[in-house]
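Participant: So here's coords-v2.cif (mmCIF, C-alpha atoms and all ligand atoms).
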```
data_model
#
loop_
_atom_site.label_atom_id
_atom_site.label_comp_id
_atom_site.auth_asym_id
_atom_site.auth_seq_id
_atom_site.Cartn_x
_atom_site.Cartn_y
_atom_site.Cartn_z
CA MET A 1 -0.96 8.18 21.96
CA SER A 2 0.75 8.57 18.61
CA LEU A 3 0.75 6.31 15.58
CA LEU A 4 4.12 6.53 13.88
CA VAL A 5 4.45 5.49 10.24
CA VAL A 6 7.78 5.25 8.46
CA GLY A 7 8.45 4.24 4.88
CA SER A 8 8.85 5.59 1.38
CA VAL A 9 7.09 8.63 -0.02
CA ALA A 10 7.34 8.36 -3.77
CA LEU A 11 6.45 9.55 -7.22
CA ASP A 12 5.28 6.47 -9.09
CA SER A 13 4.99 5.82 -12.80
CA VAL A 14 2.55 2.98 -13.27
CA GLU A 15 1.28 1.20 -16.34
CA THR A 16 -1.62 -1.25 -16.21
CA PRO A 17 -3.61 -2.81 -19.08
CA PHE A 18 -6.13 0.04 -18.52
CA ASP A 19 -4.08 3.20 -18.21
CA LYS A 20 -0.70 4.77 -17.61
CA ILE A 21 0.27 7.51 -15.18
CA ASP A 22 3.52 9.36 -14.41
CA ASP A 23 4.71 10.94 -11.16
CA ALA A 24 1.63 9.90 -9.24
CA LEU A 25 1.67 9.94 -5.47
CA GLY A 26 2.98 6.67 -4.05
CA GLY A 27 5.26 5.13 -1.48
CA SER A 28 4.70 2.71 1.37
CA ALA A 29 4.39 5.38 4.09
CA THR A 30 1.93 7.34 1.96
CA TYR A 31 -0.47 4.44 1.46
CA ILE A 32 -0.17 3.29 5.10
CA SER A 33 -0.79 6.78 6.49
CA LEU A 34 -3.77 7.47 4.22
CA ALA A 35 -5.42 4.15 5.13
CA ALA A 36 -4.73 4.59 8.85
CA SER A 37 -6.03 8.16 8.80
CA TYR A 38 -9.63 6.88 8.59
CA PHE A 39 -9.22 5.31 12.05
CA SER A 40 -6.73 7.42 13.99
CA ALA A 41 -5.84 11.08 13.88
CA PRO A 42 -3.28 12.38 13.56
CA VAL A 43 -1.03 9.84 11.88
CA ASN A 44 2.63 10.87 12.12
CA LEU A 45 4.52 10.18 8.91
CA ILE A 46 8.32 9.85 8.90
CA GLY A 47 9.98 9.96 5.49
CA VAL A 48 11.91 12.01 2.98
CA VAL A 49 11.16 13.74 -0.33
CA GLY A 50 12.99 16.15 -2.61
CA SER A 51 12.06 19.75 -3.32
CA ASP A 52 10.27 18.57 -6.48
CA PHE A 53 7.55 16.90 -4.40
CA PRO A 54 4.27 18.56 -5.46
CA LYS A 55 2.68 20.90 -2.94
CA ASP A 56 -0.75 19.53 -3.85
CA TYR A 57 0.26 16.13 -2.49
CA ILE A 58 1.41 17.72 0.78
CA LYS A 59 -1.90 19.57 0.99
CA MET A 60 -3.94 16.43 0.41
CA LEU A 61 -2.01 14.48 3.08
CA GLU A 62 -2.44 17.32 5.58
CA GLN A 63 -6.14 17.53 4.81
CA ARG A 64 -6.38 13.86 5.81
CA ASN A 65 -4.90 14.86 9.17
CA ILE A 66 -1.50 13.30 8.46
CA ASP A 67 1.16 15.10 10.48
CA LEU A 68 4.21 15.80 8.30
CA GLU A 69 6.56 17.17 10.97
CA GLY A 70 8.74 14.08 10.40
CA LEU A 71 8.78 14.42 6.59
CA GLN A 72 12.19 15.75 5.55
CA ILE A 73 12.17 17.89 2.39
CA ILE A 74 15.69 17.97 0.95
CA GLU A 75 16.37 21.14 -1.03
CA GLY A 76 17.85 20.47 -4.49
CA GLU A 77 17.18 16.72 -4.28
CA LYS A 78 14.67 14.71 -6.26
CA THR A 79 11.98 12.53 -4.69
CA PHE A 80 12.29 8.71 -4.70
CA ARG A 81 10.81 7.41 -7.94
CA TRP A 82 9.50 3.98 -8.77
CA GLY A 83 8.15 2.64 -12.05
CA GLY A 84 6.09 -0.51 -12.44
CA LYS A 85 4.20 -2.26 -15.21
CA TYR A 86 1.40 -4.76 -14.63
CA HIS A 87 0.71 -7.65 -16.97
CA HIS A 88 -2.72 -8.72 -18.20
CA ASP A 89 -2.72 -10.89 -15.06
CA LEU A 90 -2.53 -8.08 -12.52
CA ASN A 91 -0.79 -10.35 -10.02
CA VAL A 92 2.30 -10.10 -12.19
CA ARG A 93 4.27 -6.87 -12.00
CA ASP A 94 7.64 -5.82 -13.39
CA THR A 95 9.61 -3.11 -11.65
CA LEU A 96 10.78 -0.85 -14.49
CA PHE A 97 13.03 1.40 -12.40
CA THR A 98 13.83 2.43 -8.85
CA GLU A 99 15.54 5.82 -8.40
CA LEU A 100 16.50 6.31 -4.76
CA ASN A 101 17.29 10.05 -5.05
CA ALA A 102 16.52 11.68 -1.65
CA PHE A 103 16.33 8.21 -0.13
CA GLU A 104 19.97 7.44 -0.83
CA ASN A 105 21.21 9.28 2.28
CA PHE A 106 18.02 9.12 4.30
CA ASN A 107 18.53 9.16 8.02
CA PRO A 108 15.14 8.85 9.71
CA ILE A 109 14.93 11.27 12.62
CA ILE A 110 12.03 10.86 15.00
CA PRO A 111 10.90 14.22 16.43
CA GLU A 112 11.31 14.37 20.25
CA SER A 113 7.54 14.49 20.76
CA LEU A 114 7.11 11.15 18.96
CA LYS A 115 9.82 9.11 20.65
CA LYS A 116 7.24 7.80 23.10
CA ALA A 117 4.95 6.54 20.32
CA ARG A 118 3.23 3.31 21.37
CA TYR A 119 2.14 2.14 17.89
CA VAL A 120 4.73 2.00 15.13
CA CYS A 121 4.26 0.87 11.54
CA LEU A 122 7.50 0.16 9.69
CA GLY A 123 6.50 0.39 6.04
CA ASN A 124 8.60 -1.06 3.27
CA ILE A 125 12.08 0.49 3.27
CA GLY A 126 15.46 -1.07 3.98
CA PRO A 127 15.52 -3.04 7.26
CA ASP A 128 18.61 -1.03 8.30
CA LEU A 129 16.45 2.12 8.27
CA GLN A 130 13.57 0.33 9.99
CA ILE A 131 16.01 -0.64 12.79
CA LYS A 132 17.20 2.98 13.06
CA VAL A 133 13.62 4.09 13.64
CA LEU A 134 12.98 1.49 16.33
CA GLU A 135 16.20 2.49 18.12
CA GLN A 136 14.72 5.97 18.63
CA VAL A 137 11.35 4.87 20.00
CA SER A 138 11.56 4.24 23.73
CA ASP A 139 8.77 1.80 24.59
CA PRO A 140 6.48 0.83 21.72
CA GLN A 141 3.54 -1.40 22.54
CA LEU A 142 2.92 -2.65 19.00
CA VAL A 143 5.41 -2.70 16.14
CA VAL A 144 4.03 -3.74 12.75
CA CYS A 145 6.54 -4.37 9.98
CA ASP A 146 6.24 -4.85 6.23
CA THR A 147 9.00 -5.75 3.79
CA MET A 148 9.61 -6.82 0.17
CA ASN A 149 11.56 -9.46 -1.73
CA LEU A 150 14.39 -6.99 -2.48
CA TRP A 151 15.36 -6.78 1.21
CA ILE A 152 15.08 -10.52 1.72
CA ASN A 153 17.49 -10.92 -1.17
CA ILE A 154 20.04 -8.23 -0.33
CA MET A 155 19.70 -7.47 3.42
CA LYS A 156 18.54 -10.71 5.00
CA GLN A 157 20.79 -10.39 8.07
CA ASP A 158 19.42 -6.91 8.89
CA LEU A 159 15.90 -8.17 8.37
CA LEU A 160 16.46 -11.11 10.75
CA LYS A 161 17.86 -8.70 13.36
CA LEU A 162 14.80 -6.48 12.94
CA LEU A 163 12.32 -9.35 13.18
CA LYS A 164 13.41 -10.03 16.77
CA LYS A 165 11.96 -6.61 17.66
CA VAL A 166 8.62 -6.64 15.85
CA ASN A 167 5.24 -7.88 17.07
CA VAL A 168 3.44 -8.16 13.74
CA PHE A 169 5.13 -9.06 10.48
CA ILE A 170 3.25 -8.66 7.21
CA LEU A 171 4.54 -10.13 3.97
CA ASN A 172 3.16 -11.84 0.92
CA ASP A 173 3.17 -15.54 0.16
CA SER A 174 6.10 -15.51 -2.26
CA GLU A 175 8.15 -13.45 0.22
CA ALA A 176 7.37 -15.92 3.02
CA LYS A 177 8.60 -18.77 0.84
CA LEU A 178 11.69 -16.81 -0.17
CA LEU A 179 12.56 -15.91 3.42
CA THR A 180 12.24 -19.45 4.74
CA GLU A 181 13.07 -21.47 1.60
CA GLU A 182 9.97 -23.47 2.55
CA PRO A 183 7.26 -23.94 -0.12
CA ASN A 184 4.49 -24.87 2.36
CA LEU A 185 2.97 -21.67 3.79
CA ILE A 186 1.93 -23.20 7.12
CA LYS A 187 5.44 -24.54 7.73
CA ALA A 188 6.90 -21.24 6.51
CA ALA A 189 4.68 -19.37 8.99
CA LYS A 190 5.99 -21.50 11.87
CA LEU A 191 9.56 -20.77 10.85
CA ILE A 192 8.94 -17.02 10.55
CA ARG A 193 7.27 -16.80 13.97
CA LYS A 194 10.36 -18.46 15.45
CA MET A 195 12.35 -15.52 14.02
CA GLY A 196 10.55 -13.13 16.42
CA PRO A 197 7.08 -11.83 15.47
CA GLU A 198 4.30 -13.36 17.57
CA ILE A 199 1.72 -12.30 15.01
CA LEU A 200 2.18 -13.03 11.32
CA ILE A 201 0.07 -12.05 8.34
CA ILE A 202 0.72 -13.66 4.98
CA LYS A 203 -1.03 -11.81 2.15
CA LYS A 204 -2.15 -13.80 -0.84
CA GLY A 205 -3.02 -11.00 -3.27
CA GLU A 206 -6.48 -11.38 -4.71
CA HIS A 207 -6.95 -14.53 -2.60
CA GLY A 208 -7.02 -12.85 0.79
CA ALA A 209 -4.69 -13.22 3.75
CA LEU A 210 -3.72 -15.69 6.47
CA LEU A 211 -3.39 -14.50 10.05
CA PHE A 212 -1.37 -16.47 12.59
CA THR A 213 -1.76 -15.34 16.21
CA GLY A 214 -1.41 -17.51 19.31
CA ASP A 215 -2.82 -20.90 18.30
CA THR A 216 -5.27 -19.28 15.89
CA ILE A 217 -5.07 -19.43 12.11
CA PHE A 218 -7.59 -17.14 10.44
CA SER A 219 -8.16 -17.17 6.71
CA ALA A 220 -9.44 -13.77 5.60
CA PRO A 221 -11.21 -13.58 2.26
CA ALA A 222 -10.46 -11.10 -0.47
CA TYR A 223 -13.27 -8.86 -1.63
CA PRO A 224 -14.60 -10.23 -4.93
CA MET A 225 -13.86 -7.47 -7.42
CA GLU A 226 -14.57 -7.41 -11.12
CA ILE A 227 -12.46 -4.39 -11.83
CA ILE A 228 -9.03 -3.80 -10.41
CA PHE A 229 -7.53 -0.65 -11.87
CA ASP A 230 -4.20 -0.45 -10.10
CA PRO A 231 -2.96 -2.91 -7.45
CA THR A 232 -0.07 -0.61 -6.45
CA GLY A 233 0.02 0.01 -2.73
CA ALA A 234 -2.66 -2.56 -1.85
CA GLY A 235 -0.29 -4.29 0.59
CA ASP A 236 0.68 -1.02 2.28
CA THR A 237 -2.94 0.06 2.44
CA PHE A 238 -3.78 -3.25 4.10
CA ALA A 239 -1.10 -2.57 6.74
CA GLY A 240 -2.45 0.97 7.28
CA GLY A 241 -6.03 -0.17 7.79
CA PHE A 242 -4.81 -2.95 10.08
CA ILE A 243 -2.70 -0.80 12.42
CA GLY A 244 -5.09 2.16 12.22
CA TYR A 245 -7.94 0.03 13.50
CA LEU A 246 -5.82 -1.50 16.29
CA HIS A 247 -4.60 1.97 17.28
CA LYS A 248 -8.17 3.23 17.43
CA THR A 249 -9.52 0.31 19.45
CA ARG A 250 -6.43 -0.35 21.67
CA ASP A 251 -7.52 -3.99 21.85
CA LEU A 252 -4.95 -6.64 20.91
CA SER A 253 -7.15 -9.69 21.57
CA PRO A 254 -7.14 -12.36 18.80
CA LYS A 255 -10.78 -11.48 18.03
CA ASN A 256 -9.95 -7.82 17.46
CA ILE A 257 -6.83 -8.65 15.47
CA LYS A 258 -9.09 -10.64 13.12
CA ARG A 259 -11.31 -7.57 12.75
CA ALA A 260 -8.22 -5.48 12.03
CA VAL A 261 -7.28 -7.90 9.24
CA ILE A 262 -10.73 -7.42 7.70
CA TYR A 263 -10.43 -3.62 8.01
CA GLY A 264 -7.02 -3.89 6.31
CA SER A 265 -8.59 -5.91 3.50
CA THR A 266 -11.46 -3.43 3.29
CA MET A 267 -9.09 -0.48 2.80
CA ALA A 268 -7.01 -2.45 0.25
CA SER A 269 -10.16 -3.16 -1.77
CA PHE A 270 -10.81 0.59 -2.10
CA CYS A 271 -7.16 1.23 -2.98
CA VAL A 272 -7.16 -0.96 -6.09
CA GLU A 273 -10.34 0.58 -7.51
CA LYS A 274 -8.51 3.69 -8.70
CA PHE A 275 -5.05 4.72 -9.81
CA SER A 276 -2.37 5.71 -7.31
CA THR A 277 -3.80 6.84 -3.95
CA LYS A 278 -7.05 8.18 -5.45
CA GLY A 279 -9.16 5.31 -4.12
CA ILE A 280 -8.28 6.07 -0.49
CA GLU A 281 -8.15 9.87 -0.51
CA ASP A 282 -11.80 10.62 0.00
CA LEU A 283 -13.82 7.83 1.57
CA SER A 284 -16.66 8.18 4.03
CA HIS A 285 -16.82 6.16 7.23
CA LEU A 286 -20.13 4.77 6.00
CA GLN A 287 -18.52 3.42 2.82
CA ILE A 288 -15.84 1.71 4.90
CA LEU A 289 -18.37 0.24 7.31
CA GLU A 290 -20.60 -1.03 4.50
CA ARG A 291 -17.72 -2.79 2.79
CA PHE A 292 -16.53 -4.23 6.12
CA ARG A 293 -20.04 -5.70 6.50
CA GLU A 294 -19.83 -7.13 2.96
CA PHE A 295 -16.71 -8.97 4.08
CA ILE A 296 -18.62 -10.46 7.01
CA LYS A 297 -21.40 -11.52 4.64
CA ILE A 298 -19.14 -13.25 2.11
CA SER A 299 -17.18 -15.14 4.74
CA SER A 300 -19.79 -16.07 7.34
CA PHE A 301 -20.53 -19.76 7.54
CA ASN A 302 -22.78 -21.88 9.75
CA GLU A 303 -23.10 -25.64 9.91
CA SER A 304 -26.81 -25.24 9.11
CA ASP A 305 -26.24 -23.10 5.95
P1 LIG A 401 3.15 -2.44 -3.06
O1 LIG A 401 2.24 -2.40 -4.26
O2 LIG A 401 2.40 -2.69 -1.78
O3 LIG A 401 4.31 -3.33 -3.28
O4 LIG A 401 3.73 -0.98 -2.86
C1 LIG A 401 4.04 -0.15 -3.94
C2 LIG A 401 4.72 1.10 -3.42
O5 LIG A 401 6.02 0.76 -2.93
C3 LIG A 401 4.93 2.10 -4.55
O6 LIG A 401 4.16 3.25 -4.29
C4 LIG A 401 6.43 2.39 -4.54
O7 LIG A 401 6.71 3.76 -4.56
C5 LIG A 401 6.96 1.74 -3.27
N1 LIG A 401 8.25 1.07 -3.47
C6 LIG A 401 8.65 0.34 -4.53
N2 LIG A 401 9.91 -0.11 -4.36
C7 LIG A 401 10.33 0.35 -3.14
C8 LIG A 401 11.55 0.23 -2.39
N3 LIG A 401 12.60 -0.44 -2.85
N4 LIG A 401 11.59 0.83 -1.18
C9 LIG A 401 10.54 1.51 -0.71
N5 LIG A 401 9.38 1.66 -1.37
C10 LIG A 401 9.26 1.09 -2.57
#
```
Turn the structure described in the file into structure tokens.

Facilitator:
Amino acid sequence: MSLLVVGSVALDSVETPFDKIDDALGGSATYISLAASYFSAPVNLIGVVGSDFPKDYIKMLEQRNIDLEGLQIIEGEKTFRWGGKYHHDLNVRDTLFTELNAFENFNPIIPESLKKARYVCLGNIGPDLQIKVLEQVSDPQLVVCDTMNLWINIMKQDLLKLLKKVNVFILNDSEAKLLTEEPNLIKAAKLIRKMGPEILIIKKGEHGALLFTGDTIFSAPAYPMEIIFDPTGAGDTFAGGFIGYLHKTRDLSPKNIKRAVIYGSTMASFCVEKFSTKGIEDLSHLQILERFREFIKISSFNESD
């Protein structure tokens, strides 16, 4: 049973108060696939790059058992590039540039063998492209979708059409408020769930995440970290850990969805420890398990405590 991941594959130029890097590996599909690869294998990545995309990056993704049959490499084109600069407060980020390049005419084509995929993760790209992907998948059991403020601002109608077809929608708190024009997150969550997704996750950056499923509201903590090197991709990595764990366990009960949220947070905590994708390229299962247990420790609470 395949896990299909679609989204951007990028070369990122990132500046934080600690360091600066050019043409580093990035993109929503990249972070999601890497995070998911610790739980399910193979992960099938659908995306596009130009012929300038470094072979070393391809090699690293393949070594993590990420299947690149659905990655289009467009001869003579350049890869999607994104530049961002973080402020002293790492929650604040300016986008310096977005060069679509190979993405401009991207038409996601799902290989025949993957059209029956049961688990689909629609990483951050235009909702028009996310819809095109879903139209090619015959009977998905779980569709997880991420987005960003840009699409809420410029493609809201497409996004609303897409939301009717997704099971899990992941977005951050400011995006939830933007989408609903409702400043209260609990009210915003109710409004978003009426748009389609039965499960909603609102990420709150370094303050954790809120999960809404059935009648349950679960407040997941963030891992207390003294050093955050590069927050880029943390949200995508969260989504990858989340869907990877659900794909591995095939259990969509509220209890297991809570666990998946904590695995998502666990993977995101590794992501921000290093620049670009470095923090999630070479983890051991023991490291992941130990940090998952740390999450349990910091959030467990009894009346008698
Ligand atoms: P995040 O930090 O979770 O917002 O994700 C950052 C990643 O999103 C970077 O690696 C970028 O390459 C990618 N990205 C930035 N803007 C876009 C966009 N408009 N469409 C798709 N991916 C993007």

Participant: Do you know which residues are at most 10 Å from A:Ile46 counting only C-alpha atoms, after dropping those on the same chain fewer than 3 positions away, and could you put them as a ChimeraX atom specification?

Facilitator: /A:4-9,29-30,33,43,67-72,108-111,122,133

Participant: Would you work out the distance separating atom CA of A:Phe80 from atom CA of A:Gly233, expressed in Å to one decimal?

Facilitator: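 Pair atom CA of A:Phe80 / atom CA of A:Gly233 returns 15.2 Å.
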
Participant: Enumerate as a PyMOL selection string the residues within 9 Å of ligand LIG 401 (chain A), counting all atoms listed in the file.

Facilitator: chain A and resi 7-13+24-31+80-84+95+97-100+103+123-126+147-148+150-151+230-238+276-277

Participant: Just to confirm, what's the straight-line distance from atom CA of A:Asn101 to atom CA of A:Val49 in Å (one decimal)?

Facilitator: 8.6 Å

Participant: Between atom CA of A:Gln157 and atom CA of A:Ile170, what distance in Å does the model show, to one decimal?

Facilitator: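 Going from atom CA of A:Gln157 over to atom CA of A:Ile170, I get 17.6 Å.
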
Participant: Could you pull the residues within 7 Å of A:Leu142, counting only C-alpha atoms, minus those fewer than 2 positions along the same chain, as a PyMOL selection string?

Facilitator: chain A and resi 118-120+140+144+167

Participant: Need the shell around A:His207: protein/DNA/RNA residues with any atom at most 10 Å away, counting only C-alpha atoms. Skip same-chain ones fewer than 2 positions apart. Format as number ranges by chain?

Facilitator: A: 203-205, 209-210, 219-224

Participant: For each of A:Leu96, A:Ile296, A:Met267, A:Leu45, take the minimum atom-to-atom distance to A:Val14, counting only C-alpha atoms, then give the residue where this is smallest.

Facilitator: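 Smallest distance to A:Val14 is found for A:Leu96.
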
Participant: Would you list the contacts of A:Leu211 as an MDAnalysis selection string, taking every protein, DNA or RNA residue within 10 Å and counting only C-alpha atoms, but skipping same-chain residues closer than 5 positions in sequence?

Facilitator: chainID A and resid 170 189 199:203 216:220 254 257:258 261

Participant: Which of these, A:Ile228, A:Lys20, A:Asp139, A:Leu163, has the shortest distance to A:Val272 once you count only C-alpha atoms?

Facilitator: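 Of A:Ile228, A:Lys20, A:Asp139, A:Leu163, the one nearest A:Val272 is A:Ile228, counting only C-alpha atoms.
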
Participant: Rank nothing, just name the residue among A:Gly240, A:Phe295, A:Leu129, A:Ile280 nearest to A:Gly208, using all atoms listed in the file.

Facilitator: A:Phe295

Participant: With distances taken over all atoms listed in the file, which residue among A:Tyr38, A:Phe53, A:Phe169, A:Phe275 lies nearest A:Phe212?

Facilitator: A:Phe169

Participant: Using only C-alpha atoms for the distances, tell me which of A:Leu252, A:Leu61, A:Met225, A:Ile243 is nearest to A:Arg291.

Facilitator: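 For A:Arg291, the nearest of the candidates is A:Met225.
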
Participant: Using all atoms listed in the file, determine which residues lie at most 12 Å from A:Glu226, disregarding the query and same-chain residues fewer than 6 positions distant; provide the list as an mmCIF file with C-alpha atoms, in the frame of the given file.

Facilitator:
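Listing of out-v2.cif after writing:
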```cif
data_model
loop_
_atom_site.group_PDB
_atom_site.id
_atom_site.type_symbol
_atom_site.label_atom_id
_atom_site.label_comp_id
_atom_site.auth_asym_id
_atom_site.auth_seq_id
_atom_site.Cartn_x
_atom_site.Cartn_y
_atom_site.Cartn_z
ATOM 1 C CA GLU A 206 -6.480 -11.380 -4.710
ATOM 2 C CA SER A 269 -10.160 -3.160 -1.770
ATOM 3 C CA VAL A 272 -7.160 -0.960 -6.090
ATOM 4 C CA GLU A 273 -10.340 0.580 -7.510
#
```

Participant: In file coordinates, which residues lie within 8 Å of (-1.1, -5.1, -16.8) using only C-alpha atoms, given as number ranges by chain?

Facilitator: A: 15-18, 85-90, 92-93

Participant: Can you take the partial stretch 9-31 of chain A, add N, CA, C and O atoms, and return it as a CSV table (one decimal), in the coordinates of the input?

Facilitator:
```csv
chain,number,residue,atom,x,y,z
A,9,VAL,N,8.1,7.7,0.6
A,9,VAL,CA,7.1,8.6,0.0
A,9,VAL,C,7.6,8.8,-1.4
A,9,VAL,O,8.8,9.2,-1.6
A,10,ALA,N,6.8,8.5,-2.4
A,10,ALA,CA,7.3,8.4,-3.8
A,10,ALA,C,6.5,9.1,-4.8
A,10,ALA,O,5.4,9.4,-4.6
A,11,LEU,N,7.2,9.2,-6.0
A,11,LEU,CA,6.4,9.6,-7.2
A,11,LEU,C,6.5,8.3,-8.1
A,11,LEU,O,7.6,7.9,-8.5
A,12,ASP,N,5.4,7.7,-8.4
A,12,ASP,CA,5.3,6.5,-9.1
A,12,ASP,C,4.9,6.7,-10.5
A,12,ASP,O,4.0,7.5,-10.8
A,13,SER,N,5.5,5.9,-11.4
A,13,SER,CA,5.0,5.8,-12.8
A,13,SER,C,4.5,4.4,-13.0
A,13,SER,O,5.2,3.4,-12.9
A,14,VAL,N,3.2,4.3,-13.3
A,14,VAL,CA,2.6,3.0,-13.3
A,14,VAL,C,1.8,2.8,-14.6
A,14,VAL,O,1.1,3.7,-15.1
A,15,GLU,N,2.0,1.6,-15.1
A,15,GLU,CA,1.3,1.2,-16.3
A,15,GLU,C,0.5,-0.1,-16.1
A,15,GLU,O,1.1,-1.1,-15.6
A,16,THR,N,-0.8,0.0,-16.3
A,16,THR,CA,-1.6,-1.2,-16.2
A,16,THR,C,-2.3,-1.5,-17.6
A,16,THR,O,-2.1,-0.6,-18.5
A,17,PRO,N,-2.9,-2.6,-17.8
A,17,PRO,CA,-3.6,-2.8,-19.1
A,17,PRO,C,-4.7,-1.7,-19.4
A,17,PRO,O,-5.1,-1.6,-20.5
A,18,PHE,N,-5.0,-0.9,-18.3
A,18,PHE,CA,-6.1,0.0,-18.5
A,18,PHE,C,-5.7,1.5,-18.7
A,18,PHE,O,-6.3,2.3,-19.4
A,19,ASP,N,-4.5,1.8,-18.2
A,19,ASP,CA,-4.1,3.2,-18.2
A,19,ASP,C,-2.6,3.3,-17.8
A,19,ASP,O,-2.0,2.3,-17.5
A,20,LYS,N,-2.1,4.5,-17.9
A,20,LYS,CA,-0.7,4.8,-17.6
A,20,LYS,C,-0.6,6.1,-16.9
A,20,LYS,O,-1.4,7.1,-17.3
A,21,ILE,N,0.2,6.2,-15.9
A,21,ILE,CA,0.3,7.5,-15.2
A,21,ILE,C,1.7,7.8,-14.8
A,21,ILE,O,2.5,6.8,-14.5
A,22,ASP,N,2.1,9.0,-14.8
A,22,ASP,CA,3.5,9.4,-14.4
A,22,ASP,C,3.5,10.2,-13.2
A,22,ASP,O,2.6,11.1,-13.0
A,23,ASP,N,4.5,10.1,-12.3
A,23,ASP,CA,4.7,10.9,-11.2
A,23,ASP,C,3.5,11.0,-10.3
A,23,ASP,O,3.1,12.1,-9.8
A,24,ALA,N,2.8,9.9,-10.1
A,24,ALA,CA,1.6,9.9,-9.2
A,24,ALA,C,2.1,9.7,-7.8
A,24,ALA,O,3.2,9.1,-7.6
A,25,LEU,N,1.3,10.1,-6.9
A,25,LEU,CA,1.7,9.9,-5.5
A,25,LEU,C,1.7,8.5,-5.1
A,25,LEU,O,0.9,7.7,-5.5
A,26,GLY,N,2.8,8.1,-4.5
A,26,GLY,CA,3.0,6.7,-4.0
A,26,GLY,C,3.9,6.6,-2.9
A,26,GLY,O,4.2,7.6,-2.2
A,27,GLY,N,4.4,5.4,-2.6
A,27,GLY,CA,5.3,5.1,-1.5
A,27,GLY,C,4.6,4.4,-0.4
A,27,GLY,O,3.4,4.6,-0.1
A,28,SER,N,5.3,3.5,0.3
A,28,SER,CA,4.7,2.7,1.4
A,28,SER,C,4.1,3.6,2.5
A,28,SER,O,3.0,3.3,3.0
A,29,ALA,N,4.9,4.6,3.0
A,29,ALA,CA,4.4,5.4,4.1
A,29,ALA,C,3.1,6.2,3.7
A,29,ALA,O,2.3,6.4,4.5
A,30,THR,N,3.1,6.6,2.4
A,30,THR,CA,1.9,7.3,2.0
A,30,THR,C,0.6,6.5,2.0
A,30,THR,O,-0.4,6.9,2.6
A,31,TYR,N,0.7,5.3,1.5
A,31,TYR,CA,-0.5,4.4,1.5
A,31,TYR,C,-0.9,4.0,2.9
A,31,TYR,O,-2.0,4.1,3.2
```
